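Okay, structure first, notes after.
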Amino acid sequence: MSLHPVIDDTFDLLRTAREASKPMLQPRETGHVLSITPGIVTCSGLPNVGNQELVRFPGDLFGIAYNIDEKEIGVVLLGDDSKLQVGDEVSRTGTAMDVPVGNSLIGRIVNPLGEPLDDKETLPEMERYPLERPAPSIMDRDFVTVPLQTGIKVVDALIPIGRGQRELILGDRQTGKTSIAIDTIINQKGKNVICIYCAIGQRTSSVAKVIANLRSKGAMDYTIVVLTEGNTPPGLQFIAPYAATTMAEYFMEKGNDVLIIYDDLTHHARAYRELSLLLRRPPGREAFPGDIFYIHSRLLERATHLSAERGGGSLTALPIVETEGQNISAYIPTNLISITDGQLYLSPKLFELGVQPAIDIGKSVSRVGGKAQLPAYRSVAGHLKLSYAQFEELESFARFGTRLDDHTRKVIDHGKRIRACLQQPELQPLSVQEQIFVLLALTHGLLEEIELEQIPETETLLRNSLSELPAPLLQKFSTEQPLQASDLRMMVDAAENILKNHRALQSELPDKKS
Ligand code: ATP
Ligand code: MG
């Protein structure tokens, strides 16, 4: 006997639905934690896990599978391991590590996973790019042709950096490495360059100072800070520069110019050494693992100037490395010197003498930036490096109390003026116009009569009088055109007048002593 027709229909529907449904078997590979050491976990199971695959632990803790042996895998943890216990379940995710990328990151302070560390609103859902991406191929690259102005006279005039270049900043501790990088970021204001400051294993106090400086100069409007501190798990410190580069590549591939600072790769190498030793990989020179060169070269090869077909964007990298006892031929510094396109060497001796920025011009070089330098610099400061090198040589000679002939004394006097003129306080990057005018006065001998102590004051006077030069001439400084002899003459006359008027004014003032 049939039931009510409606109920019959419902039964039919349910029957067909049940027959149509085929339960999907979704095998889930899981394993268990075997041992925990700070930053590293060994796990059993997961026979099909891929190299560098992301694996998940309880409590939303993730790790990257680095050592894959037959019986166990070694996982680098990307977070705090305090709640993890031996025997906890670990499962595969089937994907490699990726990080969020996009405009919303600008102005934010994030960790290498892209999670905000500042007190602003949470980040919206964003596109994700893999952590490790292949560097652009040769055919996708173009020459470095556009300068990246640092705003630091000595760098822009003598060791110029181009957009897409990799320039190493190296020196002992507390020699002003971070300050050069931060001044460069501050100088990018209004120049359409997106900046990323990646702090790797830095002291909290120094990171706080950097962020305060960036904020006070309005540089956070175009900057992302990717932050790890000394007490951050080594896994996160290790991935920080790769994550920051992935974030930078998003902007570069959209055709933007990007500047990235890695502060510093010595801490990065140490974090990787710690992980490698815990993973029981064989140690090599200075106990670093054999692939330490490769981890830095594959990072820095991602910085480039893309060809016009690929959008023409660029990624300039300023990696920082700390030396010990001025030993630039230690393992990590030499590796990085050979990977990068030049280096700025900061000398503790100069720093002690009060020369700031303490850049040792003789040991610093820029292998590609010279071609990108603005022609105006070459017109006014073409021979500066040579004069300075001559001076340094004679200066060390003159220390022995030797009697000097007139020519030597002149060279030394001029050299001292060059050194005084290239000094610059931190957080005060100068515009191209200001730099050119001051360098012109220096190389045309207008500062020879001025006492060394008066040079900073005279420099400020010249910079403040820039408005006396015709506007079309000032614009010429930042273009591709070289300065004509008539332009130079006009500028020298203007500078002479400014200095003469200033001297006249000074002599009219009543004597300070009376
Ligand atoms: P660390 O090795 O600790 O990272 P560092 O090499 O990055 O140090 P900074 O922190 O940049 O060095 O600078 C060291 C000190 O020198 C700071 O107190 C800074 O204020 C000072 N300093 C740096 N550059 C200049 C400058 N151009 N003029 C005056 N002082 C400077
Ligand atoms: Mg520093």
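If you're wondering about the labels, chains in the structure tokens are A, B, ... by order shown, residues count from 1 in each chain, ligands from 1 in order shown.
With only C-alpha atoms taken into account, the protein and nucleic acid residues at most 6 Å from region 414-431 of chain A (excluding it and anything under 5 positions from it in its own chain) are A:Gly151, A:Ile152, A:Val154, A:Asp183, A:Asn187, A:Gln356, A:Tyr388, A:Phe391.
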Taking only C-alpha atoms and all ligand atoms into account, which residues are within 10 Å of ligand 2, as a PyMOL selection string?
chain A and resi 171-182+199+202-203+206-207+210+263-264+320-322
Which residues come within 12 Å of Ile185 (chain A), counting only C-alpha atoms, excluding same-chain residues fewer than 6 positions away, as an mmCIF file with N, CA and C atoms, in the first residue's frame?
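Saved result, result.cif, follows:
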```cif
data_model
loop_
_atom_site.group_PDB
_atom_site.id
_atom_site.type_symbol
_atom_site.label_atom_id
_atom_site.label_comp_id
_atom_site.auth_asym_id
_atom_site.auth_seq_id
_atom_site.Cartn_x
_atom_site.Cartn_y
_atom_site.Cartn_z
ATOM 1 N N LEU A 148 69.710 56.055 -8.478
ATOM 2 C CA LEU A 148 68.924 56.053 -7.245
ATOM 3 C C LEU A 148 69.642 57.026 -6.323
ATOM 4 N N GLN A 149 69.054 58.215 -6.176
ATOM 5 C CA GLN A 149 69.721 59.246 -5.368
ATOM 6 C C GLN A 149 69.610 58.895 -3.892
ATOM 7 N N THR A 150 70.755 58.831 -3.201
ATOM 8 C CA THR A 150 70.708 58.526 -1.771
ATOM 9 C C THR A 150 70.572 59.803 -0.953
ATOM 10 N N GLY A 151 70.909 60.934 -1.568
ATOM 11 C CA GLY A 151 70.868 62.202 -0.822
ATOM 12 C C GLY A 151 72.124 62.390 0.008
ATOM 13 N N ILE A 152 73.041 61.410 -0.059
ATOM 14 C CA ILE A 152 74.299 61.517 0.689
ATOM 15 C C ILE A 152 75.363 61.935 -0.324
ATOM 16 N N THR A 178 73.269 51.381 9.255
ATOM 17 C CA THR A 178 71.815 51.545 9.177
ATOM 18 C C THR A 178 71.467 52.986 8.795
ATOM 19 N N SER A 179 72.238 53.949 9.307
ATOM 20 C CA SER A 179 71.922 55.360 9.032
ATOM 21 C C SER A 179 71.968 55.646 7.530
ATOM 22 N N LYS A 191 59.748 60.660 -4.945
ATOM 23 C CA LYS A 191 60.488 60.196 -6.129
ATOM 24 C C LYS A 191 59.904 58.912 -6.700
ATOM 25 N N ASN A 192 58.716 58.534 -6.239
ATOM 26 C CA ASN A 192 58.036 57.356 -6.786
ATOM 27 C C ASN A 192 58.800 56.061 -6.584
ATOM 28 N N VAL A 193 59.453 55.930 -5.462
ATOM 29 C CA VAL A 193 60.150 54.674 -5.154
ATOM 30 C C VAL A 193 59.502 54.096 -3.903
ATOM 31 N N ILE A 194 59.075 52.840 -3.993
ATOM 32 C CA ILE A 194 58.500 52.178 -2.817
ATOM 33 C C ILE A 194 59.651 51.534 -2.056
ATOM 34 N N CYS A 195 59.698 51.719 -0.744
ATOM 35 C CA CYS A 195 60.838 51.211 0.028
ATOM 36 C C CYS A 195 60.403 50.106 0.981
ATOM 37 N N ILE A 196 61.293 49.152 1.177
ATOM 38 C CA ILE A 196 61.036 48.079 2.140
ATOM 39 C C ILE A 196 62.249 47.973 3.052
ATOM 40 N N TYR A 197 62.032 48.080 4.346
ATOM 41 C CA TYR A 197 63.125 47.909 5.299
ATOM 42 C C TYR A 197 62.916 46.565 5.985
ATOM 43 N N VAL A 210 64.759 53.224 14.199
ATOM 44 C CA VAL A 210 64.559 53.306 12.749
ATOM 45 C C VAL A 210 63.116 53.694 12.437
ATOM 46 N N ILE A 211 62.162 53.010 13.094
ATOM 47 C CA ILE A 211 60.751 53.279 12.795
ATOM 48 C C ILE A 211 60.389 54.719 13.201
ATOM 49 N N ASN A 213 62.375 57.287 13.262
ATOM 50 C CA ASN A 213 62.968 58.194 12.269
ATOM 51 C C ASN A 213 62.160 58.206 10.977
ATOM 52 N N LEU A 214 61.757 57.017 10.534
ATOM 53 C CA LEU A 214 60.972 56.946 9.293
ATOM 54 C C LEU A 214 59.651 57.696 9.471
ATOM 55 N N ARG A 215 59.032 57.512 10.643
ATOM 56 C CA ARG A 215 57.746 58.184 10.892
ATOM 57 C C ARG A 215 57.934 59.688 10.942
ATOM 58 N N LYS A 217 60.040 61.578 9.578
ATOM 59 C CA LYS A 217 60.372 62.199 8.291
ATOM 60 C C LYS A 217 59.290 61.934 7.237
ATOM 61 N N GLY A 218 58.176 61.342 7.653
ATOM 62 C CA GLY A 218 57.072 61.088 6.716
ATOM 63 C C GLY A 218 57.390 60.006 5.699
ATOM 64 N N ALA A 219 58.375 59.140 6.016
ATOM 65 C CA ALA A 219 58.781 58.130 5.036
ATOM 66 C C ALA A 219 57.924 56.865 5.095
ATOM 67 N N MET A 220 57.101 56.732 6.155
ATOM 68 C CA MET A 220 56.276 55.522 6.243
ATOM 69 C C MET A 220 55.161 55.538 5.197
ATOM 70 N N ASP A 221 54.911 56.696 4.573
ATOM 71 C CA ASP A 221 53.848 56.769 3.555
ATOM 72 C C ASP A 221 54.161 55.902 2.343
ATOM 73 N N TYR A 222 55.451 55.587 2.146
ATOM 74 C CA TYR A 222 55.812 54.785 0.979
ATOM 75 C C TYR A 222 56.721 53.614 1.368
ATOM 76 N N THR A 223 56.670 53.249 2.649
ATOM 77 C CA THR A 223 57.596 52.215 3.134
ATOM 78 C C THR A 223 56.859 51.072 3.829
ATOM 79 N N ILE A 224 57.393 49.861 3.665
ATOM 80 C CA ILE A 224 56.903 48.694 4.412
ATOM 81 C C ILE A 224 58.055 48.262 5.313
ATOM 82 N N VAL A 225 57.773 47.956 6.560
ATOM 83 C CA VAL A 225 58.816 47.422 7.445
ATOM 84 C C VAL A 225 58.505 45.946 7.697
ATOM 85 N N VAL A 258 61.517 49.979 -6.812
ATOM 86 C CA VAL A 258 61.454 49.562 -5.406
ATOM 87 C C VAL A 258 62.868 49.538 -4.837
ATOM 88 N N LEU A 259 62.981 49.939 -3.574
ATOM 89 C CA LEU A 259 64.273 49.871 -2.870
ATOM 90 C C LEU A 259 64.094 48.953 -1.673
ATOM 91 N N ILE A 260 65.009 47.998 -1.511
ATOM 92 C CA ILE A 260 64.891 47.093 -0.367
ATOM 93 C C ILE A 260 66.192 47.096 0.433
ATOM 94 N N ILE A 261 66.056 47.166 1.752
ATOM 95 C CA ILE A 261 67.220 47.161 2.647
ATOM 96 C C ILE A 261 67.166 45.874 3.460
ATOM 97 N N THR A 316 66.077 47.716 -6.356
ATOM 98 C CA THR A 316 67.439 48.025 -5.916
ATOM 99 C C THR A 316 67.623 47.426 -4.524
ATOM 100 N N ALA A 317 68.707 46.693 -4.320
ATOM 101 C CA ALA A 317 68.912 46.068 -3.012
ATOM 102 C C ALA A 317 70.126 46.673 -2.322
ATOM 103 N N LEU A 318 69.963 47.059 -1.068
ATOM 104 C CA LEU A 318 71.090 47.511 -0.254
ATOM 105 C C LEU A 318 71.235 46.547 0.919
ATOM 106 N N LEU A 427 70.076 61.790 8.749
ATOM 107 C CA LEU A 427 68.681 62.221 8.566
ATOM 108 C C LEU A 427 68.550 63.551 7.827
ATOM 109 N N GLN A 428 69.606 63.955 7.115
ATOM 110 C CA GLN A 428 69.504 65.195 6.345
ATOM 111 C C GLN A 428 69.956 64.986 4.911
ATOM 112 N N PRO A 429 69.250 64.150 4.153
ATOM 113 C CA PRO A 429 69.648 63.962 2.757
ATOM 114 C C PRO A 429 69.471 65.251 1.968
#
```
Using DSSP on the backbone, list every residue of region 357-423 of chain A that comes out as alpha helix (DSSP H), and give them as an mmCIF file with C-alpha atoms, in the first residue's frame.
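Okay, this is what ended up in out-v6.cif:
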```cif
data_model
loop_
_atom_site.group_PDB
_atom_site.id
_atom_site.type_symbol
_atom_site.label_atom_id
_atom_site.label_comp_id
_atom_site.auth_asym_id
_atom_site.auth_seq_id
_atom_site.Cartn_x
_atom_site.Cartn_y
_atom_site.Cartn_z
ATOM 1 C CA GLY A 369 76.091 52.939 -10.912
ATOM 2 C CA GLY A 370 78.636 55.173 -12.715
ATOM 3 C CA LYS A 371 76.776 54.722 -15.982
ATOM 4 C CA ALA A 372 73.547 55.792 -14.329
ATOM 5 C CA PRO A 375 75.881 64.034 -15.998
ATOM 6 C CA ALA A 376 75.839 67.140 -13.786
ATOM 7 C CA TYR A 377 77.827 65.247 -11.138
ATOM 8 C CA ARG A 378 80.484 64.339 -13.663
ATOM 9 C CA SER A 379 80.751 67.971 -14.736
ATOM 10 C CA VAL A 380 81.395 69.245 -11.237
ATOM 11 C CA ALA A 381 82.968 66.307 -9.396
ATOM 12 C CA LEU A 384 87.131 64.396 -6.903
ATOM 13 C CA LYS A 385 87.882 60.726 -6.279
ATOM 14 C CA LEU A 386 91.381 61.022 -7.682
ATOM 15 C CA SER A 387 92.201 64.175 -5.686
ATOM 16 C CA TYR A 388 90.902 62.521 -2.557
ATOM 17 C CA ALA A 389 92.932 59.352 -3.135
ATOM 18 C CA GLN A 390 96.097 61.469 -3.628
ATOM 19 C CA PHE A 391 95.334 63.342 -0.448
ATOM 20 C CA GLU A 392 94.858 60.166 1.599
ATOM 21 C CA GLU A 393 98.197 58.832 0.447
ATOM 22 C CA LEU A 394 100.026 62.074 1.217
ATOM 23 C CA GLU A 395 98.213 62.530 4.517
ATOM 24 C CA SER A 396 99.567 59.298 5.940
ATOM 25 C CA PHE A 397 103.027 60.314 4.713
ATOM 26 C CA ALA A 398 102.773 63.785 6.252
ATOM 27 C CA ASP A 406 104.272 73.770 -1.502
ATOM 28 C CA HIS A 407 102.554 71.481 -3.972
ATOM 29 C CA THR A 408 102.142 68.678 -1.423
ATOM 30 C CA ARG A 409 100.840 71.100 1.181
ATOM 31 C CA LYS A 410 98.285 72.382 -1.327
ATOM 32 C CA VAL A 411 97.101 68.865 -2.154
ATOM 33 C CA ILE A 412 96.738 68.080 1.549
ATOM 34 C CA ASP A 413 94.926 71.353 2.233
ATOM 35 C CA HIS A 414 92.523 70.718 -0.624
ATOM 36 C CA GLY A 415 91.998 67.108 0.534
ATOM 37 C CA LYS A 416 91.083 68.264 4.025
ATOM 38 C CA ARG A 417 88.497 70.553 2.487
ATOM 39 C CA ILE A 418 87.084 67.702 0.399
ATOM 40 C CA ARG A 419 86.775 65.576 3.540
ATOM 41 C CA ALA A 420 85.102 68.404 5.463
ATOM 42 C CA CYS A 421 82.766 69.091 2.579
ATOM 43 C CA LEU A 422 81.698 65.453 2.178
#
```
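What separates CA of Arg399 (chain A) from atom 28 (N, counted along the ligand's line) of ligand 1 is a distance of 25.7 Å.
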Residue contacts of Glu286 (chain A) (9 Å, only C-alpha atoms) excluding same-chain residues fewer than 3 positions away, as number ranges by chain
A: 283, 289, 330-331
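Of the residues under consideration (A:Ala243, A:Leu84, A:Ala495, A:Ala208), A:Ala208 shows the shortest atom-to-atom contact distance to ligand 1 when counting only C-alpha atoms and all ligand atoms.
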Contacts of Arg367 (chain A) within 12 Å, only C-alpha atoms, excl. fewer than 4 positions in-chain, as a ChimeraX atom specification
/A:144,158-162,165-168,337-344,371-373
Writer output for current selection, N, CA, C and O atoms, as an mmCIF file, in the first residue's frame:
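Everything below was put into part_3.cif:
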```cif
data_model
loop_
_atom_site.group_PDB
_atom_site.id
_atom_site.type_symbol
_atom_site.label_atom_id
_atom_site.label_comp_id
_atom_site.auth_asym_id
_atom_site.auth_seq_id
_atom_site.Cartn_x
_atom_site.Cartn_y
_atom_site.Cartn_z
ATOM 1 N N VAL A 144 71.177 49.009 -16.118
ATOM 2 C CA VAL A 144 70.864 49.980 -15.059
ATOM 3 C C VAL A 144 71.175 51.360 -15.622
ATOM 4 O O VAL A 144 72.318 51.649 -15.972
ATOM 5 N N LEU A 158 80.552 60.153 -5.611
ATOM 6 C CA LEU A 158 81.719 59.289 -5.839
ATOM 7 C C LEU A 158 81.398 57.816 -6.027
ATOM 8 O O LEU A 158 82.138 57.103 -6.713
ATOM 9 N N ILE A 159 80.349 57.327 -5.393
ATOM 10 C CA ILE A 159 80.031 55.896 -5.517
ATOM 11 C C ILE A 159 78.544 55.774 -5.878
ATOM 12 O O ILE A 159 77.738 55.254 -5.099
ATOM 13 N N PRO A 160 78.140 56.281 -7.040
ATOM 14 C CA PRO A 160 76.716 56.374 -7.337
ATOM 15 C C PRO A 160 76.036 55.003 -7.485
ATOM 16 O O PRO A 160 76.658 54.044 -7.918
ATOM 17 N N ILE A 161 74.781 54.973 -7.111
ATOM 18 C CA ILE A 161 74.004 53.730 -7.165
ATOM 19 C C ILE A 161 72.888 53.906 -8.194
ATOM 20 O O ILE A 161 72.269 54.968 -8.266
ATOM 21 N N GLY A 162 72.653 52.867 -8.999
ATOM 22 C CA GLY A 162 71.594 52.931 -10.008
ATOM 23 C C GLY A 162 70.392 52.110 -9.580
ATOM 24 O O GLY A 162 70.505 51.212 -8.737
ATOM 25 N N GLN A 165 70.386 48.086 -9.008
ATOM 26 C CA GLN A 165 71.724 47.634 -8.604
ATOM 27 C C GLN A 165 71.670 46.974 -7.215
ATOM 28 O O GLN A 165 70.733 47.199 -6.445
ATOM 29 N N ARG A 166 72.693 46.161 -6.906
ATOM 30 C CA ARG A 166 72.831 45.621 -5.548
ATOM 31 C C ARG A 166 74.112 46.187 -4.970
ATOM 32 O O ARG A 166 75.184 45.922 -5.478
ATOM 33 N N GLU A 167 74.005 47.024 -3.982
ATOM 34 C CA GLU A 167 75.182 47.661 -3.386
ATOM 35 C C GLU A 167 75.256 47.273 -1.911
ATOM 36 O O GLU A 167 74.345 47.561 -1.134
ATOM 37 N N LEU A 168 76.354 46.624 -1.553
ATOM 38 C CA LEU A 168 76.518 46.146 -0.180
ATOM 39 C C LEU A 168 76.975 47.291 0.728
ATOM 40 O O LEU A 168 77.812 48.097 0.324
ATOM 41 N N ILE A 337 80.400 40.367 -1.109
ATOM 42 C CA ILE A 337 81.107 41.301 -1.999
ATOM 43 C C ILE A 337 81.107 40.719 -3.408
ATOM 44 O O ILE A 337 80.921 41.441 -4.397
ATOM 45 N N SER A 338 81.265 39.398 -3.519
ATOM 46 C CA SER A 338 81.318 38.817 -4.859
ATOM 47 C C SER A 338 79.930 38.716 -5.495
ATOM 48 O O SER A 338 79.820 38.674 -6.711
ATOM 49 N N ILE A 339 78.890 38.697 -4.694
ATOM 50 C CA ILE A 339 77.541 38.600 -5.278
ATOM 51 C C ILE A 339 77.047 39.974 -5.741
ATOM 52 O O ILE A 339 76.376 40.096 -6.757
ATOM 53 N N THR A 340 77.393 41.027 -4.984
ATOM 54 C CA THR A 340 76.804 42.345 -5.252
ATOM 55 C C THR A 340 77.590 43.124 -6.329
ATOM 56 O O THR A 340 78.657 42.694 -6.745
ATOM 57 N N ASP A 341 77.016 44.277 -6.712
ATOM 58 C CA ASP A 341 77.639 45.097 -7.766
ATOM 59 C C ASP A 341 78.485 46.215 -7.183
ATOM 60 O O ASP A 341 78.664 47.250 -7.823
ATOM 61 N N GLY A 342 78.963 46.041 -5.984
ATOM 62 C CA GLY A 342 79.802 47.082 -5.374
ATOM 63 C C GLY A 342 79.550 47.142 -3.891
ATOM 64 O O GLY A 342 78.633 46.495 -3.382
ATOM 65 N N GLN A 343 80.392 47.900 -3.180
ATOM 66 C CA GLN A 343 80.189 48.000 -1.735
ATOM 67 C C GLN A 343 80.556 49.376 -1.222
ATOM 68 O O GLN A 343 81.398 50.058 -1.799
ATOM 69 N N LEU A 344 79.857 49.774 -0.146
ATOM 70 C CA LEU A 344 80.216 50.984 0.594
ATOM 71 C C LEU A 344 80.851 50.479 1.877
ATOM 72 O O LEU A 344 80.188 49.818 2.674
ATOM 73 N N LYS A 371 77.440 54.485 -14.692
ATOM 74 C CA LYS A 371 76.776 54.722 -15.982
ATOM 75 C C LYS A 371 75.416 55.384 -15.785
ATOM 76 O O LYS A 371 74.882 55.992 -16.706
ATOM 77 N N ALA A 372 74.873 55.220 -14.577
ATOM 78 C CA ALA A 372 73.547 55.792 -14.329
ATOM 79 C C ALA A 372 73.634 57.180 -13.696
ATOM 80 O O ALA A 372 72.633 57.863 -13.577
ATOM 81 N N GLN A 373 74.855 57.596 -13.315
ATOM 82 C CA GLN A 373 74.987 58.871 -12.588
ATOM 83 C C GLN A 373 74.546 60.052 -13.456
ATOM 84 O O GLN A 373 74.774 60.056 -14.676
#
```
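Restricting the calculation to only C-alpha atoms and all ligand atoms, the smallest distance between ligand 1 and any of A:Ile359, A:Leu315, A:Met24, A:Ala303 is found for A:Ile359.
You can rank A:Ala358, A:Ala65, A:Leu78, A:Leu462 by their closest distance to ligand 1 using only C-alpha atoms and all ligand atoms, and at the top of that list sits A:Ala358.
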Can you pull out the residues contacting Thr30 (chain A)? Cut-off 8 Å, using only C-alpha atoms, and skip same-chain residues under 6 positions away; I want them as number ranges by chain.
A: 45-46, 89-92
